[in-house]
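Okay, run.cif now, which holds mmCIF, C-alpha atoms:
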data_entry
loop_
_atom_site.label_atom_id
_atom_site.label_comp_id
_atom_site.auth_asym_id
_atom_site.auth_seq_id
_atom_site.Cartn_x
_atom_site.Cartn_y
_atom_site.Cartn_z
CA MET A 1 57.27 29.63 -3.64
CA SER A 2 56.60 32.65 -5.71
CA ASP A 3 56.78 30.49 -8.82
CA THR A 4 53.87 28.45 -7.58
CA ASP A 5 51.99 31.61 -6.64
CA THR A 6 52.56 33.01 -10.09
CA GLU A 7 51.38 29.91 -11.85
CA SER A 8 48.31 29.43 -9.70
CA GLY A 9 47.37 33.10 -10.12
CA ALA A 10 47.63 32.89 -13.87
CA LEU A 11 45.80 29.59 -13.85
CA ALA A 12 42.93 30.96 -11.77
CA ARG A 13 42.49 33.72 -14.32
CA LEU A 14 42.71 31.42 -17.29
CA GLN A 15 40.16 29.02 -15.88
CA ASP A 16 37.46 31.62 -16.51
CA ASP A 17 38.17 31.56 -20.21
CA PRO A 18 37.64 28.25 -22.04
CA THR A 19 39.75 29.13 -25.10
CA SER A 20 42.73 30.33 -23.11
CA ARG A 21 42.41 27.41 -20.78
CA LYS A 22 42.53 24.91 -23.59
CA ARG A 23 45.58 26.58 -25.06
CA PHE A 24 47.25 26.81 -21.68
CA LEU A 25 46.68 23.17 -20.83
CA ARG A 26 47.98 22.14 -24.24
CA MET A 27 51.15 24.13 -23.60
CA VAL A 28 51.64 22.77 -20.11
CA GLY A 29 51.03 19.23 -21.31
CA GLY A 30 53.63 19.67 -24.02
CA ALA A 31 56.21 21.61 -22.07
CA GLY A 32 57.20 18.79 -19.76
CA ALA A 33 57.34 16.05 -22.31
CA THR A 34 57.56 16.19 -26.08
CA GLY A 35 57.05 18.67 -28.81
CA ALA A 36 56.87 21.83 -26.72
CA LEU A 37 58.72 23.84 -29.31
CA GLY A 38 56.57 22.43 -32.08
CA LEU A 39 53.50 23.49 -30.13
CA LEU A 40 55.02 26.87 -29.50
CA ILE A 41 55.58 27.34 -33.19
CA ALA A 42 52.12 26.07 -34.10
CA ALA A 43 50.58 28.38 -31.51
CA CYS A 44 52.41 31.41 -32.84
CA GLY A 45 51.41 30.98 -36.48
CA GLY A 46 52.52 33.56 -38.99
CA GLY A 47 55.03 33.51 -41.80
CA ASP A 48 58.75 33.50 -42.29
CA ARG A 49 60.89 36.35 -41.02
CA MET A 50 62.72 37.19 -44.22
CA THR A 51 61.25 35.10 -46.97
CA PRO A 52 57.74 34.76 -48.41
CA ALA A 53 55.73 31.89 -47.01
CA ALA A 54 56.22 28.72 -49.01
CA THR A 55 52.90 27.18 -48.10
CA SER A 56 50.62 28.99 -50.55
CA THR A 57 49.47 26.65 -53.27
CA GLY A 58 50.12 27.85 -56.79
CA GLY A 59 50.66 31.52 -55.90
CA ALA A 60 54.36 31.32 -55.03
CA THR A 61 56.82 32.22 -57.72
CA THR A 62 59.67 29.84 -58.48
CA ALA A 63 62.18 32.29 -57.07
CA GLY A 64 60.14 32.76 -53.90
CA ALA A 65 59.75 29.03 -53.45
CA ALA A 66 63.47 28.49 -53.97
CA ALA A 67 64.29 31.18 -51.41
CA SER A 68 61.90 29.55 -48.96
CA ALA A 69 63.43 26.14 -49.51
CA ALA A 70 66.89 27.57 -48.95
CA ALA A 71 65.71 29.33 -45.77
CA ARG A 72 64.19 26.10 -44.47
CA LYS A 73 67.36 24.19 -45.23
CA SER A 74 69.45 26.80 -43.44
CA ASP A 75 67.14 26.79 -40.41
CA LEU A 76 67.17 23.00 -40.34
CA ALA A 77 70.98 23.01 -40.15
CA ILE A 78 70.82 25.41 -37.21
CA VAL A 79 68.13 23.37 -35.45
CA ASN A 80 70.20 20.20 -35.85
CA TYR A 81 73.28 21.97 -34.55
CA ALA A 82 71.33 23.09 -31.47
CA LEU A 83 69.91 19.57 -31.13
CA THR A 84 73.42 18.10 -31.08
CA LEU A 85 74.43 20.45 -28.27
CA GLU A 86 71.26 19.67 -26.33
CA TYR A 87 71.87 15.92 -26.74
CA LEU A 88 75.31 16.43 -25.21
CA GLU A 89 73.91 18.43 -22.30
CA ALA A 90 71.05 16.04 -21.65
CA ASP A 91 73.34 13.02 -21.71
CA PHE A 92 75.88 14.73 -19.48
CA TYR A 93 73.36 15.63 -16.77
CA GLU A 94 71.76 12.21 -16.93
CA ARG A 95 75.13 10.56 -16.32
CA ALA A 96 76.03 13.08 -13.62
CA VAL A 97 72.77 12.46 -11.77
CA MET A 98 72.99 8.67 -12.11
CA SER A 99 76.58 8.57 -10.91
CA GLY A 100 75.51 9.74 -7.47
CA GLN A 101 78.69 11.81 -7.27
CA ILE A 102 76.88 15.01 -6.35
CA LYS A 103 76.17 14.66 -2.64
CA ASP A 104 74.94 18.17 -1.93
CA ARG A 105 71.18 17.81 -1.92
CA ALA A 106 70.35 21.24 -3.38
CA VAL A 107 72.94 20.91 -6.14
CA ALA A 108 71.79 17.38 -6.95
CA ASP A 109 68.20 18.63 -7.20
CA LEU A 110 69.30 21.40 -9.52
CA ALA A 111 71.21 18.92 -11.71
CA LYS A 112 68.11 16.73 -11.89
CA ARG A 113 65.98 19.71 -12.86
CA ILE A 114 68.42 20.84 -15.52
CA ALA A 115 68.56 17.27 -16.89
CA GLU A 116 64.78 17.38 -17.38
CA THR A 117 64.99 20.79 -19.02
CA GLU A 118 67.66 19.66 -21.48
CA ARG A 119 65.57 16.61 -22.34
CA SER A 120 62.65 18.95 -23.09
CA HIS A 121 64.92 20.97 -25.36
CA VAL A 122 66.00 17.78 -27.18
CA GLU A 123 62.40 16.69 -27.76
CA ALA A 124 61.36 20.17 -28.86
CA LEU A 125 64.21 20.50 -31.35
CA LYS A 126 63.57 17.02 -32.76
CA ALA A 127 59.95 18.02 -33.35
CA THR A 128 61.08 21.27 -34.95
CA ALA A 129 63.48 19.51 -37.32
CA LYS A 130 60.60 17.29 -38.42
CA SER A 131 58.27 20.27 -38.81
CA LEU A 132 60.82 21.72 -41.24
CA GLY A 133 60.56 18.52 -43.28
CA GLY A 134 63.99 17.37 -42.16
CA THR A 135 65.55 14.47 -40.27
CA PRO A 136 66.62 15.24 -36.71
CA ALA A 137 70.36 14.82 -36.09
CA ALA A 138 71.30 11.50 -34.51
CA MET A 139 72.38 11.44 -30.90
CA PRO A 140 76.17 11.59 -30.71
CA THR A 141 78.18 9.11 -28.70
CA THR A 142 79.55 11.11 -25.80
CA LYS A 143 82.76 10.96 -23.78
CA PHE A 144 82.02 12.12 -20.26
CA ASP A 145 83.50 9.20 -18.27
CA ASP A 146 86.61 11.09 -17.17
CA VAL A 147 84.59 14.12 -16.10
CA ILE A 148 82.13 12.03 -14.10
CA ALA A 149 84.95 10.05 -12.48
CA GLY A 150 86.60 13.36 -11.58
CA GLY A 151 84.05 13.97 -8.84
CA PRO A 152 81.50 16.66 -8.05
CA THR A 153 83.74 19.70 -8.55
CA LYS A 154 84.89 18.53 -11.95
CA ILE A 155 81.30 17.69 -12.90
CA LEU A 156 79.99 21.13 -11.97
CA GLN A 157 82.87 22.93 -13.64
CA THR A 158 82.21 21.02 -16.84
CA ALA A 159 78.49 21.70 -16.55
CA ALA A 160 79.24 25.42 -16.27
CA VAL A 161 81.48 25.36 -19.34
CA VAL A 162 78.91 23.43 -21.37
CA GLU A 163 76.07 25.80 -20.41
CA ASN A 164 78.12 28.89 -21.25
CA LEU A 165 78.96 27.32 -24.59
CA GLY A 166 75.29 26.60 -25.14
CA ALA A 167 74.28 30.19 -24.41
CA ALA A 168 77.02 31.57 -26.70
CA ALA A 169 76.02 29.08 -29.39
CA TYR A 170 72.36 30.10 -29.43
CA LEU A 171 73.35 33.77 -29.42
CA GLY A 172 75.65 33.13 -32.38
CA GLN A 173 72.78 31.70 -34.44
CA ALA A 174 69.99 34.14 -33.51
CA GLY A 175 70.73 36.54 -36.37
CA ARG A 176 70.99 33.69 -38.88
CA ILE A 177 67.60 32.12 -38.25
CA LYS A 178 65.17 32.89 -41.06
CA SER A 179 61.86 31.82 -39.56
CA LYS A 180 60.43 34.20 -37.00
CA GLU A 181 58.80 31.32 -35.14
CA ILE A 182 62.00 29.31 -34.88
CA LEU A 183 63.81 32.45 -33.78
CA ALA A 184 61.23 33.00 -31.01
CA ALA A 185 61.65 29.41 -29.90
CA ALA A 186 65.46 29.57 -30.01
CA LEU A 187 65.40 32.74 -27.91
CA SER A 188 63.21 31.03 -25.35
CA ILE A 189 65.87 28.31 -25.00
CA HIS A 190 68.80 30.76 -25.19
CA SER A 191 67.82 32.63 -22.04
CA VAL A 192 67.30 29.36 -20.16
CA GLU A 193 70.83 28.22 -21.07
CA ALA A 194 72.06 31.62 -19.88
CA ARG A 195 70.28 31.14 -16.56
CA HIS A 196 71.90 27.73 -16.13
CA ALA A 197 75.30 29.15 -17.07
CA ALA A 198 75.13 31.98 -14.55
CA ALA A 199 73.90 29.74 -11.75
CA LEU A 200 76.50 27.05 -12.34
CA ASN A 201 79.35 29.52 -12.62
CA ARG A 202 78.25 30.97 -9.30
CA LEU A 203 77.95 27.52 -7.72
CA VAL A 204 81.48 26.54 -8.74
CA GLY A 205 82.75 29.73 -7.14
CA HIS A 206 83.51 31.95 -10.10
CA GLY A 207 83.08 35.69 -9.61
CA PHE A 208 80.88 37.84 -11.82
CA LYS A 209 83.69 38.34 -14.29
CA SER A 210 86.65 36.20 -15.18
CA SER A 211 89.73 36.56 -17.31
CA ALA A 212 89.15 33.06 -18.68
CA PRO A 213 86.55 32.70 -21.41
CA LEU A 214 83.26 31.02 -20.48
CA GLU A 215 83.84 31.63 -16.77
CA GLY A 216 82.23 34.20 -14.53
CA SER A 217 78.51 34.40 -13.92
CA ILE A 218 78.27 37.57 -16.04
CA PRO A 219 81.53 36.90 -17.89
CA ASP A 220 81.38 39.52 -20.62
CA GLY A 221 79.90 42.39 -18.62
CA ALA A 222 76.79 44.09 -20.02
CA PHE A 223 76.92 42.44 -23.44
CA ALA A 224 77.16 38.68 -23.84
CA LYS A 225 79.53 37.42 -26.52
CA ALA A 226 78.36 35.07 -29.24
CA MET A 227 80.30 32.11 -30.66
CA THR A 228 80.24 30.70 -34.17
CA MET A 229 79.47 27.07 -34.94
CA GLU A 230 83.15 26.42 -35.60
CA GLN A 231 84.21 27.93 -32.28
CA VAL A 232 81.61 25.96 -30.34
CA LEU A 233 82.28 22.65 -32.09
CA ALA A 234 86.01 22.98 -31.41
CA GLN A 235 85.24 23.34 -27.69
CA VAL A 236 82.81 20.42 -27.44
CA LYS A 237 84.92 18.05 -29.51
CA PRO A 238 86.59 16.48 -26.45
CA PHE A 239 83.16 15.32 -25.30
CA ILE A 240 82.14 13.65 -28.56
CA ALA A 241 83.39 10.12 -29.38
CA SER A 242 81.55 9.90 -32.68
CA MET B 1 36.68 40.68 -15.55
CA ALA B 2 33.58 39.97 -13.52
CA LYS B 3 35.30 39.48 -10.18
CA ALA B 4 38.51 40.57 -8.54
CA THR B 5 41.28 38.04 -9.08
CA PRO B 6 44.44 37.95 -6.99
CA LEU B 7 47.39 39.45 -8.83
CA ALA B 8 49.86 36.91 -10.13
CA ILE B 9 52.82 39.11 -9.17
CA PRO B 10 51.46 41.75 -6.78
CA GLU B 11 54.78 43.57 -6.32
CA LEU B 12 54.81 44.56 -9.99
CA ALA B 13 51.64 46.55 -9.43
CA ALA B 14 53.66 48.82 -7.10
CA VAL B 15 56.01 49.88 -9.91
CA GLU B 16 54.99 53.22 -11.37
CA VAL B 17 56.09 54.33 -14.83
CA HIS B 18 55.06 57.85 -15.79
CA GLY B 19 55.24 59.35 -19.23
CA MET B 20 53.29 59.57 -22.45
CA SER B 21 55.84 57.96 -24.76
CA ARG B 22 55.00 54.78 -26.60
CA GLY B 23 57.87 53.12 -24.72
CA ALA B 24 56.41 54.10 -21.36
CA PHE B 25 53.00 52.89 -22.50
CA LEU B 26 54.38 49.51 -23.55
CA ALA B 27 56.43 49.22 -20.37
CA ARG B 28 53.29 49.86 -18.28
CA GLY B 29 51.49 47.24 -20.32
CA ALA B 30 54.29 44.72 -19.84
CA LEU B 31 54.42 45.34 -16.09
CA ALA B 32 50.64 45.15 -15.80
CA THR B 33 50.67 41.90 -17.76
CA GLY B 34 53.26 40.47 -15.41
CA ALA B 35 51.27 41.62 -12.38
CA LEU B 36 48.03 40.16 -13.70
CA LEU B 37 49.08 37.00 -15.46
CA GLY B 38 52.63 36.21 -14.40
CA GLY B 39 56.01 36.63 -16.03
CA SER B 40 55.40 34.01 -18.68
CA ALA B 41 52.67 36.16 -20.23
CA VAL B 42 54.88 39.19 -20.71
CA GLY B 43 56.71 37.89 -23.79
CA PRO B 44 53.52 37.12 -25.74
CA PHE B 45 52.02 40.49 -24.70
CA VAL B 46 55.05 42.41 -25.95
CA ARG B 47 55.20 40.30 -29.08
CA ARG B 48 51.64 41.11 -30.00
CA ALA B 49 52.02 44.75 -29.05
CA VAL B 50 55.15 45.34 -31.11
CA ALA B 51 53.74 43.37 -34.03
CA GLN B 52 51.24 46.21 -34.33
CA GLU B 53 53.96 48.85 -34.33
CA THR B 54 54.56 50.89 -37.43
CA GLY B 55 57.74 52.54 -36.22
CA GLY B 56 59.82 49.39 -36.65
CA ASP B 57 63.07 48.83 -34.81
CA VAL B 58 63.16 52.31 -33.27
CA ASP B 59 59.86 51.72 -31.47
CA ILE B 60 61.03 48.35 -30.21
CA LEU B 61 64.31 49.89 -29.07
CA ASN B 62 62.48 52.70 -27.28
CA PHE B 63 60.45 50.10 -25.44
CA ALA B 64 63.66 48.29 -24.46
CA LEU B 65 65.20 51.62 -23.46
CA THR B 66 62.28 52.32 -21.14
CA LEU B 67 62.67 48.94 -19.47
CA GLU B 68 66.41 49.48 -19.06
CA TYR B 69 65.79 52.95 -17.57
CA ILE B 70 63.41 51.38 -15.06
CA GLU B 71 65.96 48.70 -14.14
CA ALA B 72 68.87 51.14 -13.93
CA ALA B 73 66.83 53.44 -11.66
CA PHE B 74 65.79 50.48 -9.54
CA TYR B 75 69.37 49.36 -8.83
CA SER B 76 70.72 52.92 -8.48
CA ARG B 77 68.12 53.57 -5.83
CA ALA B 78 68.96 50.29 -4.11
CA ILE B 79 72.54 51.54 -3.83
CA SER B 80 71.60 54.99 -2.53
CA LYS B 81 68.57 54.07 -0.40
CA GLY B 82 69.06 50.38 0.40
CA ARG B 83 69.02 49.44 4.09
CA ASN B 84 70.24 46.28 5.78
CA MET B 85 71.49 44.66 2.59
CA SER B 86 74.23 42.05 2.79
CA GLY B 87 77.64 42.67 1.23
CA GLU B 88 76.98 39.89 -1.26
CA THR B 89 73.71 41.49 -2.34
CA MET B 90 75.33 44.91 -2.73
CA ARG B 91 78.16 43.48 -4.85
CA LEU B 92 75.63 41.91 -7.19
CA VAL B 93 73.51 45.09 -7.22
CA ARG B 94 76.49 47.24 -8.25
CA GLU B 95 77.41 44.81 -11.02
CA ILE B 96 73.85 44.72 -12.33
CA ARG B 97 73.46 48.52 -12.04
CA ASP B 98 76.59 48.94 -14.19
CA ASN B 99 75.18 46.49 -16.76
CA GLU B 100 71.79 48.23 -16.93
CA THR B 101 73.42 51.64 -17.30
CA ALA B 102 75.55 50.29 -20.14
CA HIS B 103 72.38 48.92 -21.76
CA VAL B 104 70.73 52.35 -21.52
CA ASP B 105 73.74 53.98 -23.19
CA ALA B 106 74.03 51.38 -25.95
CA ILE B 107 70.33 51.42 -26.82
CA THR B 108 70.29 55.24 -26.83
CA GLN B 109 73.22 55.27 -29.26
CA THR B 110 71.59 52.68 -31.48
CA ILE B 111 68.36 54.69 -31.69
CA ASN B 112 70.37 57.81 -32.57
CA ARG B 113 72.28 55.91 -35.22
CA LEU B 114 69.01 54.73 -36.76
CA GLY B 115 67.86 58.35 -36.95
CA GLY B 116 65.27 57.89 -34.20
CA MET B 117 64.51 59.90 -31.09
CA PRO B 118 65.32 58.13 -27.80
CA VAL B 119 62.53 58.41 -25.23
CA PRO B 120 63.38 60.29 -22.03
CA ALA B 121 63.88 58.38 -18.80
CA PRO B 122 60.45 57.73 -17.27
CA LYS B 123 59.62 58.81 -13.75
CA VAL B 124 59.42 55.66 -11.68
CA GLY B 125 58.47 54.62 -8.18
CA PHE B 126 59.11 51.36 -6.36
CA GLY B 127 57.22 51.79 -3.10
CA ASP B 128 59.22 50.98 0.03
CA VAL B 129 61.04 47.87 -1.23
CA PHE B 130 64.46 49.28 -0.42
CA THR B 131 63.89 49.04 3.32
CA SER B 132 64.06 45.26 3.26
CA GLU B 133 66.51 43.01 1.43
CA LYS B 134 63.85 40.36 1.12
CA ALA B 135 61.33 42.66 -0.55
CA PHE B 136 64.01 44.19 -2.73
CA LEU B 137 65.28 40.83 -4.03
CA LYS B 138 61.74 39.67 -4.68
CA LEU B 139 60.98 42.67 -6.87
CA ALA B 140 64.42 42.42 -8.50
CA GLN B 141 63.70 38.83 -9.51
CA THR B 142 60.34 39.80 -10.93
CA LEU B 143 61.77 42.75 -12.86
CA GLU B 144 64.56 40.62 -14.35
CA ASP B 145 62.25 37.75 -15.25
CA THR B 146 59.88 40.27 -16.81
CA GLY B 147 62.75 41.86 -18.74
CA VAL B 148 63.81 38.50 -20.18
CA SER B 149 60.29 37.71 -21.24
CA ALA B 150 59.83 41.18 -22.75
CA TYR B 151 63.03 40.98 -24.82
CA ASN B 152 62.18 37.47 -25.95
CA GLY B 153 58.76 38.71 -26.98
CA ALA B 154 60.05 41.74 -28.89
CA ALA B 155 63.19 40.34 -30.53
CA PRO B 156 61.58 38.26 -33.30
CA SER B 157 59.95 41.44 -34.67
CA ILE B 158 63.30 43.23 -35.01
CA ARG B 159 64.16 43.75 -38.67
CA SER B 160 67.84 44.67 -38.54
CA GLY B 161 70.26 41.79 -37.99
CA ASP B 162 72.61 44.05 -36.02
CA VAL B 163 69.87 45.26 -33.70
CA LEU B 164 68.71 41.67 -33.20
CA ALA B 165 72.24 40.59 -32.28
CA ALA B 166 72.49 43.45 -29.79
CA ALA B 167 69.13 42.58 -28.24
CA GLY B 168 70.20 38.93 -27.95
CA SER B 169 73.41 39.93 -26.27
CA ILE B 170 71.47 42.05 -23.77
CA VAL B 171 68.76 39.51 -23.02
CA GLN B 172 71.40 36.91 -22.21
CA VAL B 173 72.79 39.24 -19.55
CA GLU B 174 69.29 39.91 -18.18
CA ALA B 175 68.75 36.15 -17.95
CA ARG B 176 72.01 35.83 -16.02
CA HIS B 177 70.89 38.58 -13.62
CA ALA B 178 67.58 36.79 -13.13
CA ALA B 179 69.33 33.51 -12.36
CA LEU B 180 71.78 35.08 -9.89
CA ILE B 181 69.01 36.86 -8.01
CA ARG B 182 66.93 33.70 -7.97
CA LEU B 183 69.89 31.76 -6.61
CA MET B 184 70.25 34.31 -3.80
CA ARG B 185 66.60 33.84 -2.91
CA GLY B 186 66.93 30.06 -2.88
CA GLN B 187 64.78 29.79 -5.98
CA THR B 188 65.47 27.63 -8.99
CA PRO B 189 67.48 29.72 -11.50
CA ALA B 190 65.39 28.61 -14.48
CA PRO B 191 61.72 28.15 -13.59
CA ALA B 192 60.74 26.68 -16.97
CA ALA B 193 62.39 24.82 -19.84
CA PHE B 194 61.36 27.59 -22.28
CA ASP B 195 61.46 31.19 -21.12
CA PRO B 196 58.21 32.55 -22.57
CA ALA B 197 55.84 29.65 -22.25
CA LEU B 198 52.37 31.06 -22.78
CA ASP B 199 50.71 32.30 -25.91
CA GLN B 200 47.78 34.20 -24.46
CA HIS B 201 45.59 36.07 -26.86
CA LYS B 202 43.49 37.51 -24.08
CA VAL B 203 46.46 39.25 -22.52
CA LEU B 204 46.08 42.49 -24.44
CA ASP B 205 42.38 42.80 -23.64
CA ALA B 206 43.01 42.15 -19.99
CA VAL B 207 45.84 44.61 -19.74
CA MET B 208 44.67 47.60 -21.72
CA PRO B 209 42.63 49.22 -18.93
CA PHE B 210 45.67 49.09 -16.66
CA ALA B 211 48.14 50.20 -19.28
CA ARG B 212 46.12 53.34 -19.99
CA ALA B 213 45.72 54.26 -16.35
#

Can you turn what I pasted into structure tokens?
Amino acid sequence: MSDTDTESGALARLQDDPTSRKRFLRMVGGAGATGALGLLIAACGGGDRMTPAATSTGGATTAGAAASAAARKSDLAIVNYALTLEYLEADFYERAVMSGQIKDRAVADLAKRIAETERSHVEALKATAKSLGGTPAAMPTTKFDDVIAGGPTKILQTAAVVENLGAAAYLGQAGRIKSKEILAAALSIHSVEARHAAALNRLVGHGFKSSAPLEGSIPDGAFAKAMTMEQVLAQVKPFIAS
Amino acid sequence: MAKATPLAIPELAAVEVHGMSRGAFLARGALATGALLGGSAVGPFVRRAVAQETGGDVDILNFALTLEYIEAAFYSRAISKGRNMSGETMRLVREIRDNETAHVDAITQTINRLGGMPVPAPKVGFGDVFTSEKAFLKLAQTLEDTGVSAYNGAAPSIRSGDVLAAAGSIVQVEARHAALIRLMRGQTPAPAAFDPALDQHKVLDAVMPFARA
């Protein structure tokens, strides 16, 4: 309810201003489908966070250009890592929704909504990989059959684990991202994964805190814990066939 | 602004933040942005505002500290003044209050460590929201959503890797608070696929008159 109010209020205001309106509509058009992150980055403009911009023609020194190329390569690896995790999430929710196992209407609606969100993240990260001059990671072959067959409780518990992993994974990379724009975009996904994680942990009946890692809706207390690539990949391995 | 436009988030306009510090100024601006244009505009507002800062990480941290002070005061007051709140709500409120207080302490220590001067706690007012659980949760959701958007807006301008990691670790907890409160209100925990969704260059112009008031 209040979401709709908020959006319509902002929209009413923006309609008075042709430039803002154009930008707003472009964002809304992109957010649901493809390239939202690419648009976000394009809209933000600006240079790299730690390295000189590589785009200037002729002015860049060899060392500066090399540093920029290395920064782009490093960011591309992080983007493709995030993309792989988002592929897993998107595929998982798609299968969970299609299985019809979740009978609770509100929970099924939430799963459907999260599925759409994860698909948006996939499209955005693919566009970002391309904008860095790279090739987006291929979609992995997943192994979720046992989880799906395990019924609604198993499905939601797995969803909670995967979302908490996702949040910890983004947090683990935030300090390593070189481009300010990609960092801004990653943060905008990070907090969404955290929202999913908290909600799902609550829905499966975990308390605020838990002695088990990745459980509890606010599992680490006031300060969320990050995970490295190695830690995350070890945890998602059971869900990847190839 | 030729004609009066309905506020996007009217309850934010009821939050008062007093004080002359830069942090209090930015916090007023962020809240006014949320009230006028909705939570999704807060991140871009803060991002533009802090991009113009010359004080670096300390200024950004003082802004975050002000927001955390506001949140900590909000939940502390809910505990002392709250009426007719359910046990479930109070359990969540105590947990969040503890988190916000820990954020205040951690940010204060970080500013000290960087050789900066932490801003004092602002004087704040929240109207009469504590008399109704419904009104309280509504403002809580708005404050948490605003906090997420503000951190996401400020974080990319942070220079120190350690400070950035700390901010990330805090914003994740704020996002969890937001989702839990939304869940309690029967709202979707994540209203958008990307938390700050709008890049709105007009935000600053629109907000300045309110931020100075």

Check every residue of chain B for an atom within 6 Å of chain A, counting all atoms listed in the file, and provide those that qualify as a PyMOL selection string. chain B and resi 8+37-38+99+156+161+165+169-170+172+175-176+179+189-190+193-196

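Applied to the shown file, the PyMOL selection byres ((chain B and resi 81-90) around 7) selects the residues Arg77, Ala78, Ile79, Ser80, Arg91, Leu92, Val93, Arg94, Phe130, Thr131, Ser132 and Glu133 of chain B.
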
Separation of atom CA of B:Leu61 from atom CA of B:His177, in Å and rounded to one decimal: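 For atom CA of B:Leu61 relative to atom CA of B:His177, the distance reads 20.2 Å.
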
Shortest interatomic distance to B:Gln141 - which of B:Val17, B:Ile60, B:Ala178, B:Ala102, counting all atoms listed in the file: B:Ala178

Check what the PyMOL selection byres ((chain B and resi 28) around 8) selects in the file above and give those residues as a count of residues only. 12

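Relative to atom CA of A:Asp91, atom CA of A:Ile148 is found at 11.7 Å.
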
Shell of 10 Å around A:Val232, only C-alpha atoms, local chain residues under 3 positions omitted, as a count of residues only: 14

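For the pair atom CA of B:Thr108 and atom CA of A:Gly207, the separation is 29.0 Å.
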
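Taking all atoms listed in the file, the non-local environment of stretch 121-126 of chain B within 7 Å (same-chain residues fewer than 2 positions away omitted) comprises Ala14, Val15, Glu16, Val17, His18, Gly19, Ala24, Thr66, Tyr69, Ile70, Val119, Asp128 and Val129 of chain B.
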
Using only C-alpha atoms, which residue out of B:Ser76, B:Leu12, B:Asp57, B:Arg47 lies closest to B:Pro118? B:Asp57

Starting from the shown file, work through the PyMOL selection byres ((chain A and resi 239) around 8) and note down what comes out as a PDB file with C-alpha atoms, in the coordinates of the input.
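Output file selection_2.pdb is given in full below:
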ATOM      1  CA  LEU A  88      75.310  16.430 -25.210  1.00  0.00           C
ATOM      2  CA  THR A 142      79.550  11.110 -25.800  1.00  0.00           C
ATOM      3  CA  LYS A 143      82.760  10.960 -23.780  1.00  0.00           C
ATOM      4  CA  PHE A 144      82.020  12.120 -20.260  1.00  0.00           C
ATOM      5  CA  VAL A 236      82.810  20.420 -27.440  1.00  0.00           C
ATOM      6  CA  LYS A 237      84.920  18.050 -29.510  1.00  0.00           C
ATOM      7  CA  PRO A 238      86.590  16.480 -26.450  1.00  0.00           C
ATOM      8  CA  ILE A 240      82.140  13.650 -28.560  1.00  0.00           C
ATOM      9  CA  ALA A 241      83.390  10.120 -29.380  1.00  0.00           C
TER      10      ALA A 241
END

Neighbour list for stretch 78-83 of chain A as a list in words, cut-off 6 Å, all atoms listed in the file, skip fewer than 5 positions in-chain: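 Here the qualifying residues turn out to be Val122, Leu125 and Ala137 of chain A.
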
Counting all atoms listed in the file, which residues come within 9 Å of (59.9, 37.4, -23.9), with the point read in the file's coordinates, and could you list them as an NGL selection string? (:A and (184 or 187-188)) or (:B and (39-47 or 145-155 or 195-197))

Nearby residues (only C-alpha atoms) at most 8 Å from B:Val104, same-chain spacing under 5 positions excluded, as a VMD selection string: chain B and resid 65 68 to 69 72

Select, from B:Leu137, B:Leu67, B:Ala35, B:Met117, the residue with the minimum atom-to-atom distance to B:Arg182, counting all atoms listed in the file. B:Leu137

Rank nothing, just name the residue among B:Leu114, B:Leu164, B:Val173, B:Val50 nearest to B:Arg97, using only C-alpha atoms.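 Answer, going by the shortest atom-to-atom distance: B:Val173.
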